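What follows is a set of notes on a single structure, which appears directly below.
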Amino acid sequence: MTKSKKPFSHDTLYATEKPKVEKFSFNQQVVDVFPDMINRSVPSYQNIIDCVGKMANLLCNSNPIIYDLGCSLGNVSLSIAKHAQSKNPKIKGIDNSSAMIERCQQHIDAFSFGNSISLKQADLVSVALSPCNMVVINFTLQFIEPTKRQNIINKVYRALEPKGVFVLSEKIELSNAVLNNVLVDLHHEFKRENGYSDLEISQKRSALEEVMRLDTVKIHQERLCEAGFSNVCVWYQHFNFVSILAIK
Ligand SMILES: Nc1ncnc2c1ncn2[C@@H]1O[C@H](C[S@+](CC[C@H]([NH3+])C(=O)[O-])CC(=O)[O-])[C@@H](O)[C@H]1O
Ligand SMILES: O=C(O)C(=O)Cc1ccccc1
């Protein structure tokens with residue numbers, strides 16, 4: 001029997017007070033509200049998605065192989081398929097959440113780009129990457145245990161062909177506590193403006209505490225340098241959300 005395609009819902013996961021806030025996980029409940037949650041929680045999310053598609057078109061030659069690591073519902077993959085259509089990309093989306101991958105496949109099937117995107121359920125820590133021309137990790141490294149991050153970046157570097165493109169987007173923290181608090185407050189204000197209450201903001205913050213560990217931009221740059229990247233810049237920042245471009 002085919003699964004019914006439930007429409008996505010408004011995110012109210014943390015709207016009522018919980019006796020105990022469980023650790024955040026990318027389960028079915030999160031998948032069902034994911035588009036609403038990510039757009040209302042990540043400043044300039046849609047703009048970053050569009051720009052990454054345009055970068056693929058600008059920076060890749062014909063027939064590129066492109067990884068979307070931590071693909072969720074495939075928004076990066078779909079943006080690349082759309083903006084870089086004339087380059088005939090072969091896009092590989094990977095995510096370790098079975099609920100996400102299943103819904104991502106339905107989402108991609110609804111578009112006509114299905115034959116350029118293939119999906120796989122796997123953990124970024126252990127998955128092997130084939131030779132490729134571009135890798136995107138959009139807001140996913142932050143969910144991986146910090147001690148395992150360098151190996152993933154090394155693996156990306158080794159898989160990329162010369163002139164290969166790496167886009168790494170992350171929520172960050174600043175080592176300067178005064179400035180860090182300002183950016184955190186600005187982000188919370190962004191969430192309030194998008195309809196989240198103080199209770200929702202604080203319960204989600206507790207849920208994410210052990211699951212999402214943030215690095216500074218300096219740590220990210222050092223990891224990229226350690227892996228071998230010599231061309232690295234921050235190409236986008238909105239509050240405490242950044243996107244870094246590295247070219248091999
Ligand atoms: N170890 C892991 N291995 C593979 N996937 C993982 C792992 N840990 C977490 N994930 C997956 O990483 C994704 C993070 S969301 C990415 C948004 C997307 N890139 C987007 O541009 O829409 C970001 C967010 O929700 O803030 C989820 O789908 C997890 O299942
Ligand atoms: O919601 C937040 O506060 C965030 O930091 C971003 C986020 C977005 C979606 C899932 C997990 C974290």
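In the structure tokens, chains take the letters A, B, ... in the order shown, each chain's residues start at 1, and ligands count up from 1 in the order shown.
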Name the residues of region 11-244 of chain A that come out as strand (DSSP E) in a backbone DSSP run; write them as a PyMOL selection string. chain A and resi 65-69+90-95+117-121+132-138+160-171+231-238+241-244
Given only C-alpha atoms and all ligand atoms, how would the per-residue table for chain A near ligand 1 read, listing every residue at most 6 Å away with its closest atom pair and distance in Å to one decimal, sorted by chain and number, as CSV?
residue,atom,partner,partner_atom_place_in_ligand_line,distance
A:Phe26,CA,ligand 1,30 (O),5.0
A:Gly70,CA,ligand 1,12 (O),3.9
A:Cys71,CA,ligand 1,19 (N),4.3
A:Ser72,CA,ligand 1,28 (O),3.6
A:Asn75,CA,ligand 1,22 (O),5.0
A:Val76,CA,ligand 1,21 (O),5.3
A:Asp95,CA,ligand 1,5 (N),3.8
A:Asn96,CA,ligand 1,4 (C),4.0
A:Ser97,CA,ligand 1,30 (O),4.4
A:Met100,CA,ligand 1,28 (O),5.9
A:Ala122,CA,ligand 1,4 (C),5.9
A:Asp123,CA,ligand 1,3 (N),3.6
A:Leu124,CA,ligand 1,3 (N),4.0
A:Val125,CA,ligand 1,1 (N),5.8
A:Asn138,CA,ligand 1,19 (N),4.2
A:Phe139,CA,ligand 1,23 (C),4.6
A:Thr140,CA,ligand 1,14 (C),4.4
A:Phe143,CA,ligand 1,8 (N),5.1
A:Ile144,CA,ligand 1,1 (N),5.4
Write the selection just made, keeping N, CA and C atoms, as a PDB file, in the first residue's frame?
ATOM      1  N   PHE A  26      15.096  14.138  14.566  1.00  0.00           N
ATOM      2  CA  PHE A  26      14.437  14.324  13.264  1.00  0.00           C
ATOM      3  C   PHE A  26      13.491  13.151  13.018  1.00  0.00           C
ATOM      4  N   GLY A  70      22.952  15.657   4.513  1.00  0.00           N
ATOM      5  CA  GLY A  70      21.960  16.114   5.498  1.00  0.00           C
ATOM      6  C   GLY A  70      20.860  16.810   4.737  1.00  0.00           C
ATOM      7  N   CYS A  71      20.306  16.098   3.747  1.00  0.00           N
ATOM      8  CA  CYS A  71      19.441  16.743   2.732  1.00  0.00           C
ATOM      9  C   CYS A  71      18.043  17.072   3.251  1.00  0.00           C
ATOM     10  N   SER A  72      17.614  16.506   4.368  1.00  0.00           N
ATOM     11  CA  SER A  72      16.247  16.713   4.892  1.00  0.00           C
ATOM     12  C   SER A  72      15.229  16.457   3.783  1.00  0.00           C
ATOM     13  N   ASN A  75      15.632  20.408  -0.226  1.00  0.00           N
ATOM     14  CA  ASN A  75      15.550  21.761  -0.786  1.00  0.00           C
ATOM     15  C   ASN A  75      16.827  22.198  -1.502  1.00  0.00           C
ATOM     16  N   VAL A  76      17.992  21.815  -0.966  1.00  0.00           N
ATOM     17  CA  VAL A  76      19.256  22.150  -1.651  1.00  0.00           C
ATOM     18  C   VAL A  76      19.306  21.408  -2.986  1.00  0.00           C
ATOM     19  N   ASP A  95      20.810  11.445   4.062  1.00  0.00           N
ATOM     20  CA  ASP A  95      20.324  11.840   5.394  1.00  0.00           C
ATOM     21  C   ASP A  95      20.179  10.564   6.221  1.00  0.00           C
ATOM     22  N   ASN A  96      20.403  10.664   7.532  1.00  0.00           N
ATOM     23  CA  ASN A  96      20.297   9.439   8.351  1.00  0.00           C
ATOM     24  C   ASN A  96      18.913   9.219   8.951  1.00  0.00           C
ATOM     25  N   SER A  97      17.985  10.159   8.737  1.00  0.00           N
ATOM     26  CA  SER A  97      16.635   9.988   9.278  1.00  0.00           C
ATOM     27  C   SER A  97      15.755   9.294   8.245  1.00  0.00           C
ATOM     28  N   MET A 100      12.768  11.367   7.277  1.00  0.00           N
ATOM     29  CA  MET A 100      13.131  12.464   6.365  1.00  0.00           C
ATOM     30  C   MET A 100      13.303  11.930   4.939  1.00  0.00           C
ATOM     31  N   ALA A 122      21.828   7.291   5.161  1.00  0.00           N
ATOM     32  CA  ALA A 122      23.142   6.924   5.702  1.00  0.00           C
ATOM     33  C   ALA A 122      23.613   7.986   6.679  1.00  0.00           C
ATOM     34  N   ASP A 123      24.549   7.583   7.533  1.00  0.00           N
ATOM     35  CA  ASP A 123      25.140   8.494   8.512  1.00  0.00           C
ATOM     36  C   ASP A 123      26.361   9.160   7.880  1.00  0.00           C
ATOM     37  N   LEU A 124      26.444  10.481   8.007  1.00  0.00           N
ATOM     38  CA  LEU A 124      27.593  11.198   7.418  1.00  0.00           C
ATOM     39  C   LEU A 124      28.916  10.756   8.040  1.00  0.00           C
ATOM     40  N   VAL A 125      28.852  10.235   9.262  1.00  0.00           N
ATOM     41  CA  VAL A 125      30.075   9.811   9.943  1.00  0.00           C
ATOM     42  C   VAL A 125      30.709   8.616   9.225  1.00  0.00           C
ATOM     43  N   ASN A 138      24.298  21.814   4.466  1.00  0.00           N
ATOM     44  CA  ASN A 138      23.515  22.981   4.873  1.00  0.00           C
ATOM     45  C   ASN A 138      22.891  22.728   6.246  1.00  0.00           C
ATOM     46  N   PHE A 139      23.460  23.333   7.281  1.00  0.00           N
ATOM     47  CA  PHE A 139      22.930  23.238   8.652  1.00  0.00           C
ATOM     48  C   PHE A 139      22.807  21.796   9.152  1.00  0.00           C
ATOM     49  N   THR A 140      23.848  21.002   8.949  1.00  0.00           N
ATOM     50  CA  THR A 140      23.822  19.604   9.408  1.00  0.00           C
ATOM     51  C   THR A 140      25.042  19.216  10.241  1.00  0.00           C
ATOM     52  N   PHE A 143      24.798  19.044  14.021  1.00  0.00           N
ATOM     53  CA  PHE A 143      24.116  17.949  14.723  1.00  0.00           C
ATOM     54  C   PHE A 143      25.033  16.732  14.911  1.00  0.00           C
ATOM     55  N   ILE A 144      26.247  16.820  14.422  1.00  0.00           N
ATOM     56  CA  ILE A 144      27.177  15.689  14.533  1.00  0.00           C
ATOM     57  C   ILE A 144      28.131  15.938  15.700  1.00  0.00           C
TER      58      ILE A 144
END
Point out the residue among A:Gln29, A:Asn47, A:Asn57, A:Asn194 with the least atom-to-atom distance to Lys6 (chain A), counting only C-alpha atoms. A:Gln29
Considering only C-alpha atoms and all ligand atoms, tabulate each residue of chain A that lies at most 8 Å from ligand 2 along with its nearest interatomic pair and the corresponding distance in Å to one decimal; arrange the rows by chain and ascending residue number and present them as a tab-separated table.
residue	atom	partner	partner_atom_place_in_ligand_line	distance
A:Phe24	CA	ligand 2	11 (C)	7.7
A:Phe34	CA	ligand 2	9 (C)	7.3
A:Met37	CA	ligand 2	9 (C)	5.8
A:Ile38	CA	ligand 2	9 (C)	4.7
A:Arg40	CA	ligand 2	1 (O)	7.9
A:Ser41	CA	ligand 2	1 (O)	4.5
A:Val42	CA	ligand 2	6 (C)	5.4
A:Lys171	CA	ligand 2	5 (O)	6.7
A:His187	CA	ligand 2	3 (O)	7.8
A:His188	CA	ligand 2	3 (O)	7.5
A:Lys191	CA	ligand 2	3 (O)	7.8
A:Ile201	CA	ligand 2	3 (O)	6.9
A:Lys204	CA	ligand 2	3 (O)	6.6
A:Arg205	CA	ligand 2	3 (O)	6.1
A:Leu208	CA	ligand 2	12 (C)	7.1
A:Met212	CA	ligand 2	12 (C)	7.7
Could you save the residues just selected, with C-alpha atoms, as a JSON list (two decimals), in the first residue's frame?
[["chain", "number", "residue", "atom", "x", "y", "z"],
["A", 24, "PHE", "CA", 15.36, 16.99, 19.67],
["A", 34, "PHE", "CA", 9.73, 20.72, 8.82],
["A", 37, "MET", "CA", 9.85, 25.01, 11.23],
["A", 38, "ILE", "CA", 12.96, 25.70, 9.18],
["A", 40, "ARG", "CA", 10.44, 30.32, 10.76],
["A", 41, "SER", "CA", 13.65, 29.33, 12.59],
["A", 42, "VAL", "CA", 16.60, 29.91, 10.24],
["A", 171, "LYS", "CA", 24.52, 28.11, 13.17],
["A", 187, "HIS", "CA", 17.70, 35.34, 16.46],
["A", 188, "HIS", "CA", 15.09, 34.90, 19.21],
["A", 191, "LYS", "CA", 11.56, 33.70, 15.89],
["A", 201, "ILE", "CA", 11.64, 29.30, 21.98],
["A", 204, "LYS", "CA", 13.10, 24.09, 21.74],
["A", 205, "ARG", "CA", 16.34, 25.57, 23.04],
["A", 208, "LEU", "CA", 18.52, 21.23, 21.15],
["A", 212, "MET", "CA", 23.20, 20.80, 18.44]]
Hey, could you make a per-residue contact list for region 93-192 of chain A against region 242-245 of chain A with 6 Å as the cut-off, showing the nearest pair of atoms and its distance in Å to one decimal, counting only C-alpha atoms, sorted by chain and number, as JSON lines?
{"residue": "A:Phe166", "atom": "CA", "partner": "A:Leu245", "partner_atom": "CA", "distance": 5.9}
{"residue": "A:Val167", "atom": "CA", "partner": "A:Leu245", "partner_atom": "CA", "distance": 4.8}
{"residue": "A:Leu168", "atom": "CA", "partner": "A:Ile244", "partner_atom": "CA", "distance": 5.1}
{"residue": "A:Ser169", "atom": "CA", "partner": "A:Ser243", "partner_atom": "CA", "distance": 3.9}
{"residue": "A:Glu170", "atom": "CA", "partner": "A:Val242", "partner_atom": "CA", "distance": 5.5}
